[in-house]
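Asks: My structure file data34.txt, compact mmCIF, N, CA and C atoms, is below:
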```
# COMPACT_ATOMS: atom_id res chain seq x y z
N MET A 265 0.84 -1.17 0.00
CA MET A 265 0.00 0.00 0.00
C MET A 265 0.89 1.24 0.00
N LEU A 266 0.52 2.22 -0.78
CA LEU A 266 1.29 3.46 -0.85
C LEU A 266 1.27 4.20 0.50
N GLU A 267 2.40 4.80 0.82
CA GLU A 267 2.48 5.58 2.06
C GLU A 267 1.71 6.89 1.95
N ILE A 268 1.60 7.46 0.76
CA ILE A 268 1.03 8.78 0.54
C ILE A 268 1.82 9.79 1.40
N ARG A 269 3.07 9.98 1.03
CA ARG A 269 3.96 10.88 1.77
C ARG A 269 3.45 12.32 1.69
N PRO A 270 3.66 13.07 2.76
CA PRO A 270 3.01 14.38 2.88
C PRO A 270 3.71 15.58 2.24
N ASN A 271 4.87 15.36 1.60
CA ASN A 271 5.58 16.54 1.08
C ASN A 271 6.53 16.15 -0.06
N CYS A 272 6.96 17.18 -0.78
CA CYS A 272 7.97 17.02 -1.83
C CYS A 272 9.32 16.80 -1.14
N GLU A 273 10.01 15.75 -1.54
CA GLU A 273 11.30 15.43 -0.93
C GLU A 273 12.37 16.47 -1.26
N HIS A 274 12.20 17.20 -2.35
CA HIS A 274 13.23 18.17 -2.73
C HIS A 274 12.96 19.57 -2.16
N CYS A 275 11.78 20.11 -2.42
CA CYS A 275 11.52 21.50 -2.01
C CYS A 275 10.71 21.61 -0.72
N GLY A 276 10.14 20.50 -0.26
CA GLY A 276 9.39 20.51 0.99
C GLY A 276 7.93 20.92 0.87
N LYS A 277 7.46 21.20 -0.34
CA LYS A 277 6.06 21.62 -0.53
C LYS A 277 5.11 20.57 0.04
N ASP A 278 4.08 21.04 0.73
CA ASP A 278 3.06 20.14 1.27
C ASP A 278 2.30 19.47 0.13
N LEU A 279 2.14 18.15 0.26
CA LEU A 279 1.40 17.37 -0.74
C LEU A 279 0.44 16.43 -0.01
N PRO A 280 -0.66 16.97 0.51
CA PRO A 280 -1.61 16.12 1.23
C PRO A 280 -2.23 15.08 0.31
N ASN A 281 -2.90 14.13 0.89
CA ASN A 281 -3.53 13.05 0.12
C ASN A 281 -4.33 13.55 -1.07
N THR A 282 -4.99 14.68 -0.93
CA THR A 282 -5.86 15.18 -1.99
C THR A 282 -5.12 16.00 -3.06
N SER A 283 -3.81 16.13 -2.94
CA SER A 283 -3.06 16.94 -3.88
C SER A 283 -3.00 16.29 -5.27
N THR A 284 -3.24 17.09 -6.28
CA THR A 284 -3.08 16.62 -7.66
C THR A 284 -1.70 17.01 -8.19
N GLU A 285 -0.87 17.60 -7.34
CA GLU A 285 0.49 18.01 -7.71
C GLU A 285 1.53 16.96 -7.33
N ALA A 286 1.15 15.90 -6.65
CA ALA A 286 2.11 14.90 -6.18
C ALA A 286 2.46 13.92 -7.30
N MET A 287 3.76 13.69 -7.44
CA MET A 287 4.28 12.74 -8.43
C MET A 287 5.15 11.72 -7.68
N ILE A 288 5.10 10.45 -8.12
CA ILE A 288 5.92 9.42 -7.48
C ILE A 288 6.64 8.59 -8.54
N CYS A 289 7.75 7.97 -8.12
CA CYS A 289 8.44 7.01 -8.97
C CYS A 289 8.08 5.62 -8.47
N THR A 290 8.70 4.61 -9.04
CA THR A 290 8.38 3.23 -8.66
C THR A 290 8.72 2.91 -7.21
N PHE A 291 9.67 3.65 -6.61
CA PHE A 291 10.01 3.43 -5.22
C PHE A 291 9.29 4.40 -4.28
N GLU A 292 8.33 5.11 -4.82
CA GLU A 292 7.49 6.06 -4.11
C GLU A 292 8.25 7.30 -3.64
N CYS A 293 9.39 7.60 -4.28
CA CYS A 293 10.00 8.90 -4.04
C CYS A 293 8.92 9.90 -4.43
N THR A 294 8.71 10.91 -3.63
CA THR A 294 7.59 11.82 -3.82
C THR A 294 8.08 13.23 -4.06
N TYR A 295 7.62 13.82 -5.15
CA TYR A 295 8.00 15.18 -5.52
C TYR A 295 6.77 15.93 -6.00
N CYS A 296 6.82 17.25 -5.89
CA CYS A 296 5.74 18.06 -6.46
C CYS A 296 5.93 18.03 -7.98
N LYS A 297 4.89 18.33 -8.70
CA LYS A 297 4.93 18.30 -10.16
C LYS A 297 6.01 19.22 -10.71
N ASP A 298 6.17 20.39 -10.09
CA ASP A 298 7.17 21.33 -10.58
C ASP A 298 8.58 20.74 -10.50
N CYS A 299 8.93 20.14 -9.36
CA CYS A 299 10.26 19.53 -9.24
C CYS A 299 10.39 18.31 -10.16
N ALA A 300 9.40 17.43 -10.15
CA ALA A 300 9.49 16.18 -10.93
C ALA A 300 9.59 16.44 -12.43
N ILE A 301 8.80 17.35 -12.94
CA ILE A 301 8.75 17.56 -14.39
C ILE A 301 9.67 18.68 -14.84
N ASN A 302 9.62 19.81 -14.18
CA ASN A 302 10.41 20.96 -14.64
C ASN A 302 11.87 20.91 -14.21
N LEU A 303 12.13 20.49 -12.98
CA LEU A 303 13.51 20.46 -12.49
C LEU A 303 14.22 19.17 -12.86
N PHE A 304 13.58 18.03 -12.58
CA PHE A 304 14.22 16.74 -12.83
C PHE A 304 13.85 16.13 -14.18
N GLU A 305 12.97 16.78 -14.92
CA GLU A 305 12.59 16.40 -16.29
C GLU A 305 12.19 14.93 -16.41
N ASN A 306 11.37 14.46 -15.46
CA ASN A 306 10.80 13.12 -15.48
C ASN A 306 11.84 12.01 -15.29
N VAL A 307 12.98 12.34 -14.66
CA VAL A 307 13.99 11.34 -14.31
C VAL A 307 14.21 11.45 -12.79
N CYS A 308 13.79 10.43 -12.06
CA CYS A 308 13.94 10.48 -10.60
C CYS A 308 15.42 10.60 -10.25
N PRO A 309 15.78 11.61 -9.43
CA PRO A 309 17.18 11.81 -9.08
C PRO A 309 17.74 10.72 -8.17
N THR A 310 16.87 9.87 -7.65
CA THR A 310 17.32 8.79 -6.78
C THR A 310 17.51 7.49 -7.56
N CYS A 311 16.47 7.06 -8.28
CA CYS A 311 16.52 5.75 -8.94
C CYS A 311 16.57 5.81 -10.46
N THR A 312 16.46 6.98 -11.05
CA THR A 312 16.44 7.25 -12.51
C THR A 312 15.17 6.74 -13.19
N GLY A 313 14.19 6.32 -12.42
CA GLY A 313 12.91 5.94 -13.00
C GLY A 313 12.12 7.17 -13.41
N ASN A 314 10.94 6.95 -13.95
CA ASN A 314 10.08 8.06 -14.36
C ASN A 314 9.08 8.36 -13.25
N PHE A 315 8.35 9.43 -13.44
CA PHE A 315 7.33 9.84 -12.48
C PHE A 315 5.93 9.66 -13.06
N VAL A 316 4.99 9.37 -12.19
CA VAL A 316 3.58 9.31 -12.53
C VAL A 316 2.80 10.07 -11.46
N PRO A 317 1.60 10.55 -11.78
CA PRO A 317 0.81 11.22 -10.75
C PRO A 317 0.49 10.24 -9.61
N ARG A 318 0.62 10.71 -8.39
CA ARG A 318 0.29 9.86 -7.24
C ARG A 318 -1.22 9.79 -7.11
N PRO A 319 -1.77 8.60 -6.92
CA PRO A 319 -3.22 8.51 -6.76
C PRO A 319 -3.68 9.12 -5.43
N ILE A 320 -4.93 9.49 -5.38
CA ILE A 320 -5.54 10.03 -4.18
C ILE A 320 -6.31 8.90 -3.51
N ARG A 321 -6.02 8.67 -2.24
CA ARG A 321 -6.74 7.62 -1.51
C ARG A 321 -8.14 8.14 -1.20
N PRO A 322 -9.17 7.39 -1.57
CA PRO A 322 -10.55 7.82 -1.33
C PRO A 322 -10.82 8.08 0.16
N LYS A 323 -11.63 9.08 0.42
CA LYS A 323 -11.95 9.49 1.80
C LYS A 323 -12.45 8.33 2.65
N LYS A 324 -13.22 7.43 2.06
CA LYS A 324 -13.79 6.33 2.84
C LYS A 324 -12.72 5.37 3.37
N TYR A 325 -11.50 5.41 2.83
CA TYR A 325 -10.43 4.53 3.27
C TYR A 325 -9.36 5.23 4.12
N ILE A 326 -9.38 6.54 4.13
CA ILE A 326 -8.34 7.30 4.82
C ILE A 326 -8.32 7.05 6.32
N ALA A 327 -9.47 6.86 6.95
CA ALA A 327 -9.50 6.63 8.41
C ALA A 327 -8.84 5.29 8.75
N LYS A 328 -9.13 4.27 7.98
CA LYS A 328 -8.57 2.94 8.24
C LYS A 328 -7.13 2.83 7.73
N ASN A 329 -6.83 3.53 6.65
CA ASN A 329 -5.50 3.48 6.02
C ASN A 329 -5.00 4.91 5.81
N PRO A 330 -4.59 5.57 6.88
CA PRO A 330 -4.22 6.99 6.78
C PRO A 330 -2.95 7.22 5.96
N ALA A 331 -2.88 8.40 5.40
CA ALA A 331 -1.68 8.83 4.70
C ALA A 331 -0.57 9.01 5.73
N SER A 332 0.65 8.87 5.29
CA SER A 332 1.80 9.03 6.18
C SER A 332 1.90 10.46 6.70
N LEU A 333 2.36 10.59 7.92
CA LEU A 333 2.64 11.90 8.50
C LEU A 333 4.14 12.17 8.52
N LYS A 334 4.94 11.15 8.18
CA LYS A 334 6.40 11.27 8.21
C LYS A 334 6.89 12.05 7.00
N ARG A 335 7.46 13.19 7.26
CA ARG A 335 7.99 14.04 6.19
C ARG A 335 9.38 13.55 5.80
N VAL A 336 9.60 13.40 4.51
CA VAL A 336 10.90 13.06 3.97
C VAL A 336 11.39 14.31 3.24
N TYR A 337 12.44 14.90 3.76
CA TYR A 337 12.99 16.10 3.15
C TYR A 337 14.47 15.84 2.91
N ASP A 338 14.83 15.67 1.64
CA ASP A 338 16.19 15.33 1.26
C ASP A 338 16.51 16.03 -0.06
N PRO A 339 16.72 17.34 -0.01
CA PRO A 339 16.99 18.08 -1.25
C PRO A 339 18.15 17.45 -2.03
N LYS A 340 17.97 17.34 -3.31
CA LYS A 340 18.95 16.69 -4.16
C LYS A 340 20.02 17.66 -4.63
N ASP A 341 21.22 17.14 -4.84
CA ASP A 341 22.31 17.90 -5.43
C ASP A 341 21.94 18.11 -6.90
N ILE A 342 21.70 19.33 -7.28
CA ILE A 342 21.21 19.64 -8.62
C ILE A 342 22.21 19.19 -9.70
N ASP A 343 23.50 19.34 -9.44
CA ASP A 343 24.50 18.92 -10.43
C ASP A 343 24.49 17.41 -10.64
N LYS A 344 24.40 16.65 -9.56
CA LYS A 344 24.33 15.19 -9.68
C LYS A 344 23.03 14.76 -10.35
N ALA A 345 21.94 15.42 -9.99
CA ALA A 345 20.66 15.11 -10.61
C ALA A 345 20.71 15.39 -12.11
N LYS A 346 21.39 16.48 -12.48
CA LYS A 346 21.51 16.84 -13.90
C LYS A 346 22.32 15.78 -14.65
N GLU A 347 23.38 15.26 -14.03
CA GLU A 347 24.17 14.20 -14.66
C GLU A 347 23.30 12.98 -14.96
N LYS A 348 22.52 12.56 -13.98
CA LYS A 348 21.62 11.41 -14.17
C LYS A 348 20.59 11.72 -15.25
N ARG A 349 20.03 12.92 -15.16
CA ARG A 349 19.00 13.32 -16.12
C ARG A 349 19.55 13.29 -17.54
N LEU A 350 20.73 13.84 -17.75
CA LEU A 350 21.31 13.87 -19.09
C LEU A 350 21.60 12.47 -19.61
N LYS A 351 21.93 11.58 -18.71
CA LYS A 351 22.21 10.19 -19.11
C LYS A 351 20.94 9.44 -19.53
N PHE A 352 19.81 9.78 -18.90
CA PHE A 352 18.59 9.01 -19.11
C PHE A 352 17.44 9.78 -19.78
N ILE A 353 17.61 11.06 -20.04
CA ILE A 353 16.50 11.88 -20.54
C ILE A 353 15.94 11.36 -21.87
N ASP A 354 16.79 10.82 -22.73
CA ASP A 354 16.33 10.33 -24.03
C ASP A 354 16.06 8.83 -24.04
N VAL A 355 16.11 8.20 -22.88
CA VAL A 355 15.84 6.77 -22.77
C VAL A 355 14.44 6.59 -22.22
N LEU A 356 13.60 5.90 -22.95
CA LEU A 356 12.24 5.65 -22.47
C LEU A 356 12.27 4.96 -21.12
N PRO A 357 11.32 5.25 -20.24
CA PRO A 357 11.33 4.63 -18.90
C PRO A 357 11.42 3.10 -18.95
N GLU A 358 10.76 2.48 -19.90
CA GLU A 358 10.80 1.02 -19.96
C GLU A 358 12.16 0.46 -20.38
N ASN A 359 13.06 1.34 -20.84
CA ASN A 359 14.40 0.91 -21.25
C ASN A 359 15.50 1.39 -20.31
N ARG A 360 15.14 2.03 -19.22
CA ARG A 360 16.16 2.54 -18.29
C ARG A 360 16.70 1.44 -17.42
```
Could you write out this structure as structure tokens?

Replies:
Amino acid sequence: MLEIRPNCEHCGKDLPNTSTEAMICTFECTYCKDCAINLFENVCPTCTGNFVPRPIRPKKYIAKNPASLKRVYDPKDIDKAKEKRLKFIDVLPENR
């Protein structure tokens, strides 16, 4: 089950369960849309996977399966992220 992390790992922006700005990779690294698409250009700076919109957990399940309250804040080294991005930007996610 997805943790539904509460913030962007890079810039710290709040991303509550209902946010349509949350993007995740296959390992559930969580970034706001601006960081994931504009800064990292759809290449996760951690695993080099791609990003997809994070689903919103329906209200009827949130009480039994709450979103995580644990904030992960680990701003990425932009130069290292750029190196990874340049290596994988032209490689389709299924071929990375």

Asks: Write out as a VMD selection string which residues come within 7 Å of Glu285 (chain A) when counting all atoms listed in the file, dropping same-chain ones fewer than 3 positions away.

Replies: chain A and resid 279 282 295 to 298 317 to 318

Asks: CA of Ile268 (chain A) and CA of Gly313 (chain A), how far apart in Å?

Replies: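 One can read the CA of Gly313 (chain A) to CA of Ile268 (chain A) distance as 18.2 Å.
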
Asks: Separation of atom N of Asn306 (chain A) and CA of Phe352 (chain A), in Å?

Replies: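 Value for the atom N of Asn306 (chain A)-CA of Phe352 (chain A) distance: 9.8 Å.
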
Asks: So what do you get for atom C of Pro339 (chain A) versus atom C of Cys299 (chain A), distance-wise?

Replies: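 Distance between the two atoms: 11.3 Å.
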
Asks: Using all atoms of region 272-275 of chain A that appear in the file, construct an axis-aligned enclosing box with 4 Å of padding on every side and provide its centre coordinates and edge lengths in Å, rounded to one decimal, as lines of an AutoDock Vina configuration file.

Replies:
```
center_x = 10.1
center_y = 18.5
center_z = -1.7
size_x = 14.3
size_y = 14.2
size_z = 10.0
```

Asks: For Leu303 (chain A), which of A:Arg360, A:Arg321, A:Lys346, A:Arg335 is the closest residue, counting only N, CA and C atoms?

Replies: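 Comparing A:Arg360, A:Arg321, A:Lys346, A:Arg335 against Leu303 (chain A), the winner is A:Lys346.
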
Asks: Give me every strand (DSSP E) residue in region 267-357 of chain A, going by DSSP on the backbone, as a PyMOL selection string.

Replies: chain A and resi 286-288+294-296+316-317

Asks: Just list as a list in words whatever in chain A DSSP marks as alpha helix (DSSP H).

Replies: Lys297, Lys323, Lys324, Tyr325, Ile326, Ile342, Asp343, Lys344, Ala345, Lys346, Glu347, Lys348, Arg349, Leu350, Lys351 and Phe352 of chain A

Asks: Tell me which of A:Lys334, A:Cys293, A:Ala300, A:Ile288 sits closest to Val316 (chain A), counting all atoms listed in the file.

Replies: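 Closest residue, counting all atoms listed in the file: A:Ile288.
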
Asks: Neighbouring residues of Cys289 (chain A) were defined as those with any atom within 5 Å, considering all atoms listed in the file; residues of the same chain fewer than 2 positions away were excluded. Please report them as a ChimeraX atom specification.

Replies: /A:287,291-293,314-315

Asks: Print the selection's residues with N, CA and C atoms to a file, as a PDB file, in the coordinates of the input.

Replies:
```pdb
ATOM      1  N   MET A 287       3.760  13.690  -7.440  1.00  0.00           N
ATOM      2  CA  MET A 287       4.280  12.740  -8.430  1.00  0.00           C
ATOM      3  C   MET A 287       5.150  11.720  -7.680  1.00  0.00           C
ATOM      4  N   PHE A 291       9.670   3.650  -6.610  1.00  0.00           N
ATOM      5  CA  PHE A 291      10.010   3.430  -5.220  1.00  0.00           C
ATOM      6  C   PHE A 291       9.290   4.400  -4.280  1.00  0.00           C
ATOM      7  N   GLU A 292       8.330   5.110  -4.820  1.00  0.00           N
ATOM      8  CA  GLU A 292       7.490   6.060  -4.110  1.00  0.00           C
ATOM      9  C   GLU A 292       8.250   7.300  -3.640  1.00  0.00           C
ATOM     10  N   CYS A 293       9.390   7.600  -4.280  1.00  0.00           N
ATOM     11  CA  CYS A 293      10.000   8.900  -4.040  1.00  0.00           C
ATOM     12  C   CYS A 293       8.920   9.900  -4.430  1.00  0.00           C
ATOM     13  N   ASN A 314      10.940   6.950 -13.950  1.00  0.00           N
ATOM     14  CA  ASN A 314      10.080   8.060 -14.360  1.00  0.00           C
ATOM     15  C   ASN A 314       9.080   8.360 -13.250  1.00  0.00           C
ATOM     16  N   PHE A 315       8.350   9.430 -13.440  1.00  0.00           N
ATOM     17  CA  PHE A 315       7.330   9.840 -12.480  1.00  0.00           C
ATOM     18  C   PHE A 315       5.930   9.660 -13.060  1.00  0.00           C
TER      19      PHE A 315
END
```

Asks: Taking (-2.6, 12.4, 8.3) in the file's own coordinates, collect the residues within 12 Å, counting only C-alpha atoms, and hand them back as a list in words.

Replies: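 Here is the list of nearby residues: Glu267, Ile268, Arg269, Pro270, Asn271, Asp278, Leu279, Pro280, Asn281, Thr282, Arg321, Lys323, Ile326, Ala327, Lys328, Asn329, Pro330, Ala331, Ser332, Leu333, Lys334 and Arg335 of chain A.
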
Asks: Could region 306-317 of chain A be completed with all heavy atoms and written as a PDB file, in the coordinates of the input, please?

Replies:
```pdb
ATOM      1  N   ASN A 306      11.370  14.460 -15.460  1.00  0.00           N
ATOM      2  CA  ASN A 306      10.800  13.120 -15.480  1.00  0.00           C
ATOM      3  C   ASN A 306      11.840  12.010 -15.290  1.00  0.00           C
ATOM      4  O   ASN A 306      11.640  10.876 -15.713  1.00  0.00           O
ATOM      5  CB  ASN A 306       9.965  12.863 -16.734  1.00  0.00           C
ATOM      6  CG  ASN A 306       9.003  11.708 -16.549  1.00  0.00           C
ATOM      7  OD1 ASN A 306       8.491  11.473 -15.457  1.00  0.00           O
ATOM      8  ND2 ASN A 306       8.762  10.963 -17.615  1.00  0.00           N
ATOM      9  N   VAL A 307      12.980  12.340 -14.660  1.00  0.00           N
ATOM     10  CA  VAL A 307      13.990  11.340 -14.310  1.00  0.00           C
ATOM     11  C   VAL A 307      14.210  11.450 -12.790  1.00  0.00           C
ATOM     12  O   VAL A 307      14.736  12.457 -12.313  1.00  0.00           O
ATOM     13  CB  VAL A 307      15.323  11.566 -15.054  1.00  0.00           C
ATOM     14  CG1 VAL A 307      16.369  10.554 -14.598  1.00  0.00           C
ATOM     15  CG2 VAL A 307      15.128  11.491 -16.563  1.00  0.00           C
ATOM     16  N   CYS A 308      13.790  10.430 -12.060  1.00  0.00           N
ATOM     17  CA  CYS A 308      13.940  10.480 -10.600  1.00  0.00           C
ATOM     18  C   CYS A 308      15.420  10.600 -10.250  1.00  0.00           C
ATOM     19  O   CYS A 308      16.246   9.806 -10.708  1.00  0.00           O
ATOM     20  CB  CYS A 308      13.365   9.212  -9.972  1.00  0.00           C
ATOM     21  SG  CYS A 308      13.571   9.172  -8.170  1.00  0.00           S
ATOM     22  N   PRO A 309      15.780  11.610  -9.430  1.00  0.00           N
ATOM     23  CA  PRO A 309      17.180  11.810  -9.080  1.00  0.00           C
ATOM     24  C   PRO A 309      17.740  10.720  -8.170  1.00  0.00           C
ATOM     25  O   PRO A 309      18.944  10.624  -7.974  1.00  0.00           O
ATOM     26  CB  PRO A 309      17.195  13.166  -8.395  1.00  0.00           C
ATOM     27  CG  PRO A 309      15.821  13.322  -7.859  1.00  0.00           C
ATOM     28  CD  PRO A 309      14.919  12.615  -8.822  1.00  0.00           C
ATOM     29  N   THR A 310      16.870   9.870  -7.650  1.00  0.00           N
ATOM     30  CA  THR A 310      17.320   8.790  -6.780  1.00  0.00           C
ATOM     31  C   THR A 310      17.510   7.490  -7.560  1.00  0.00           C
ATOM     32  O   THR A 310      18.576   6.897  -7.531  1.00  0.00           O
ATOM     33  CB  THR A 310      16.308   8.559  -5.634  1.00  0.00           C
ATOM     34  OG1 THR A 310      16.130   9.791  -4.937  1.00  0.00           O
ATOM     35  CG2 THR A 310      16.783   7.492  -4.674  1.00  0.00           C
ATOM     36  N   CYS A 311      16.470   7.060  -8.280  1.00  0.00           N
ATOM     37  CA  CYS A 311      16.520   5.750  -8.940  1.00  0.00           C
ATOM     38  C   CYS A 311      16.570   5.810 -10.460  1.00  0.00           C
ATOM     39  O   CYS A 311      16.701   4.783 -11.104  1.00  0.00           O
ATOM     40  CB  CYS A 311      15.332   4.909  -8.512  1.00  0.00           C
ATOM     41  SG  CYS A 311      13.740   5.465  -9.192  1.00  0.00           S
ATOM     42  N   THR A 312      16.460   6.980 -11.050  1.00  0.00           N
ATOM     43  CA  THR A 312      16.440   7.250 -12.510  1.00  0.00           C
ATOM     44  C   THR A 312      15.170   6.740 -13.190  1.00  0.00           C
ATOM     45  O   THR A 312      15.092   6.754 -14.404  1.00  0.00           O
ATOM     46  CB  THR A 312      17.694   6.716 -13.253  1.00  0.00           C
ATOM     47  OG1 THR A 312      17.702   5.296 -13.277  1.00  0.00           O
ATOM     48  CG2 THR A 312      18.965   7.279 -12.655  1.00  0.00           C
ATOM     49  N   GLY A 313      14.190   6.320 -12.420  1.00  0.00           N
ATOM     50  CA  GLY A 313      12.910   5.940 -13.000  1.00  0.00           C
ATOM     51  C   GLY A 313      12.120   7.170 -13.410  1.00  0.00           C
ATOM     52  O   GLY A 313      12.565   8.304 -13.218  1.00  0.00           O
ATOM     53  N   ASN A 314      10.940   6.950 -13.950  1.00  0.00           N
ATOM     54  CA  ASN A 314      10.080   8.060 -14.360  1.00  0.00           C
ATOM     55  C   ASN A 314       9.080   8.360 -13.250  1.00  0.00           C
ATOM     56  O   ASN A 314       9.002   7.656 -12.256  1.00  0.00           O
ATOM     57  CB  ASN A 314       9.364   7.730 -15.659  1.00  0.00           C
ATOM     58  CG  ASN A 314       8.400   6.577 -15.507  1.00  0.00           C
ATOM     59  OD1 ASN A 314       8.756   5.496 -15.033  1.00  0.00           O
ATOM     60  ND2 ASN A 314       7.171   6.788 -15.929  1.00  0.00           N
ATOM     61  N   PHE A 315       8.350   9.430 -13.440  1.00  0.00           N
ATOM     62  CA  PHE A 315       7.330   9.840 -12.480  1.00  0.00           C
ATOM     63  C   PHE A 315       5.930   9.660 -13.060  1.00  0.00           C
ATOM     64  O   PHE A 315       5.737   9.799 -14.268  1.00  0.00           O
ATOM     65  CB  PHE A 315       7.496  11.322 -12.105  1.00  0.00           C
ATOM     66  CG  PHE A 315       8.740  11.602 -11.320  1.00  0.00           C
ATOM     67  CD1 PHE A 315       9.828  12.209 -11.917  1.00  0.00           C
ATOM     68  CD2 PHE A 315       8.820  11.268  -9.978  1.00  0.00           C
ATOM     69  CE1 PHE A 315      10.982  12.485 -11.204  1.00  0.00           C
ATOM     70  CE2 PHE A 315       9.970  11.532  -9.251  1.00  0.00           C
ATOM     71  CZ  PHE A 315      11.044  12.144  -9.859  1.00  0.00           C
ATOM     72  N   VAL A 316       4.990   9.370 -12.190  1.00  0.00           N
ATOM     73  CA  VAL A 316       3.580   9.310 -12.530  1.00  0.00           C
ATOM     74  C   VAL A 316       2.800  10.070 -11.460  1.00  0.00           C
ATOM     75  O   VAL A 316       3.292  10.209 -10.324  1.00  0.00           O
ATOM     76  CB  VAL A 316       3.052   7.855 -12.634  1.00  0.00           C
ATOM     77  CG1 VAL A 316       3.746   7.096 -13.753  1.00  0.00           C
ATOM     78  CG2 VAL A 316       3.218   7.119 -11.320  1.00  0.00           C
ATOM     79  N   PRO A 317       1.600  10.550 -11.780  1.00  0.00           N
ATOM     80  CA  PRO A 317       0.810  11.220 -10.750  1.00  0.00           C
ATOM     81  C   PRO A 317       0.490  10.240  -9.610  1.00  0.00           C
ATOM     82  O   PRO A 317       0.151   9.081  -9.858  1.00  0.00           O
ATOM     83  CB  PRO A 317      -0.470  11.624 -11.482  1.00  0.00           C
ATOM     84  CG  PRO A 317      -0.085  11.666 -12.929  1.00  0.00           C
ATOM     85  CD  PRO A 317       0.955  10.592 -13.102  1.00  0.00           C
TER      86      PRO A 317
END
```
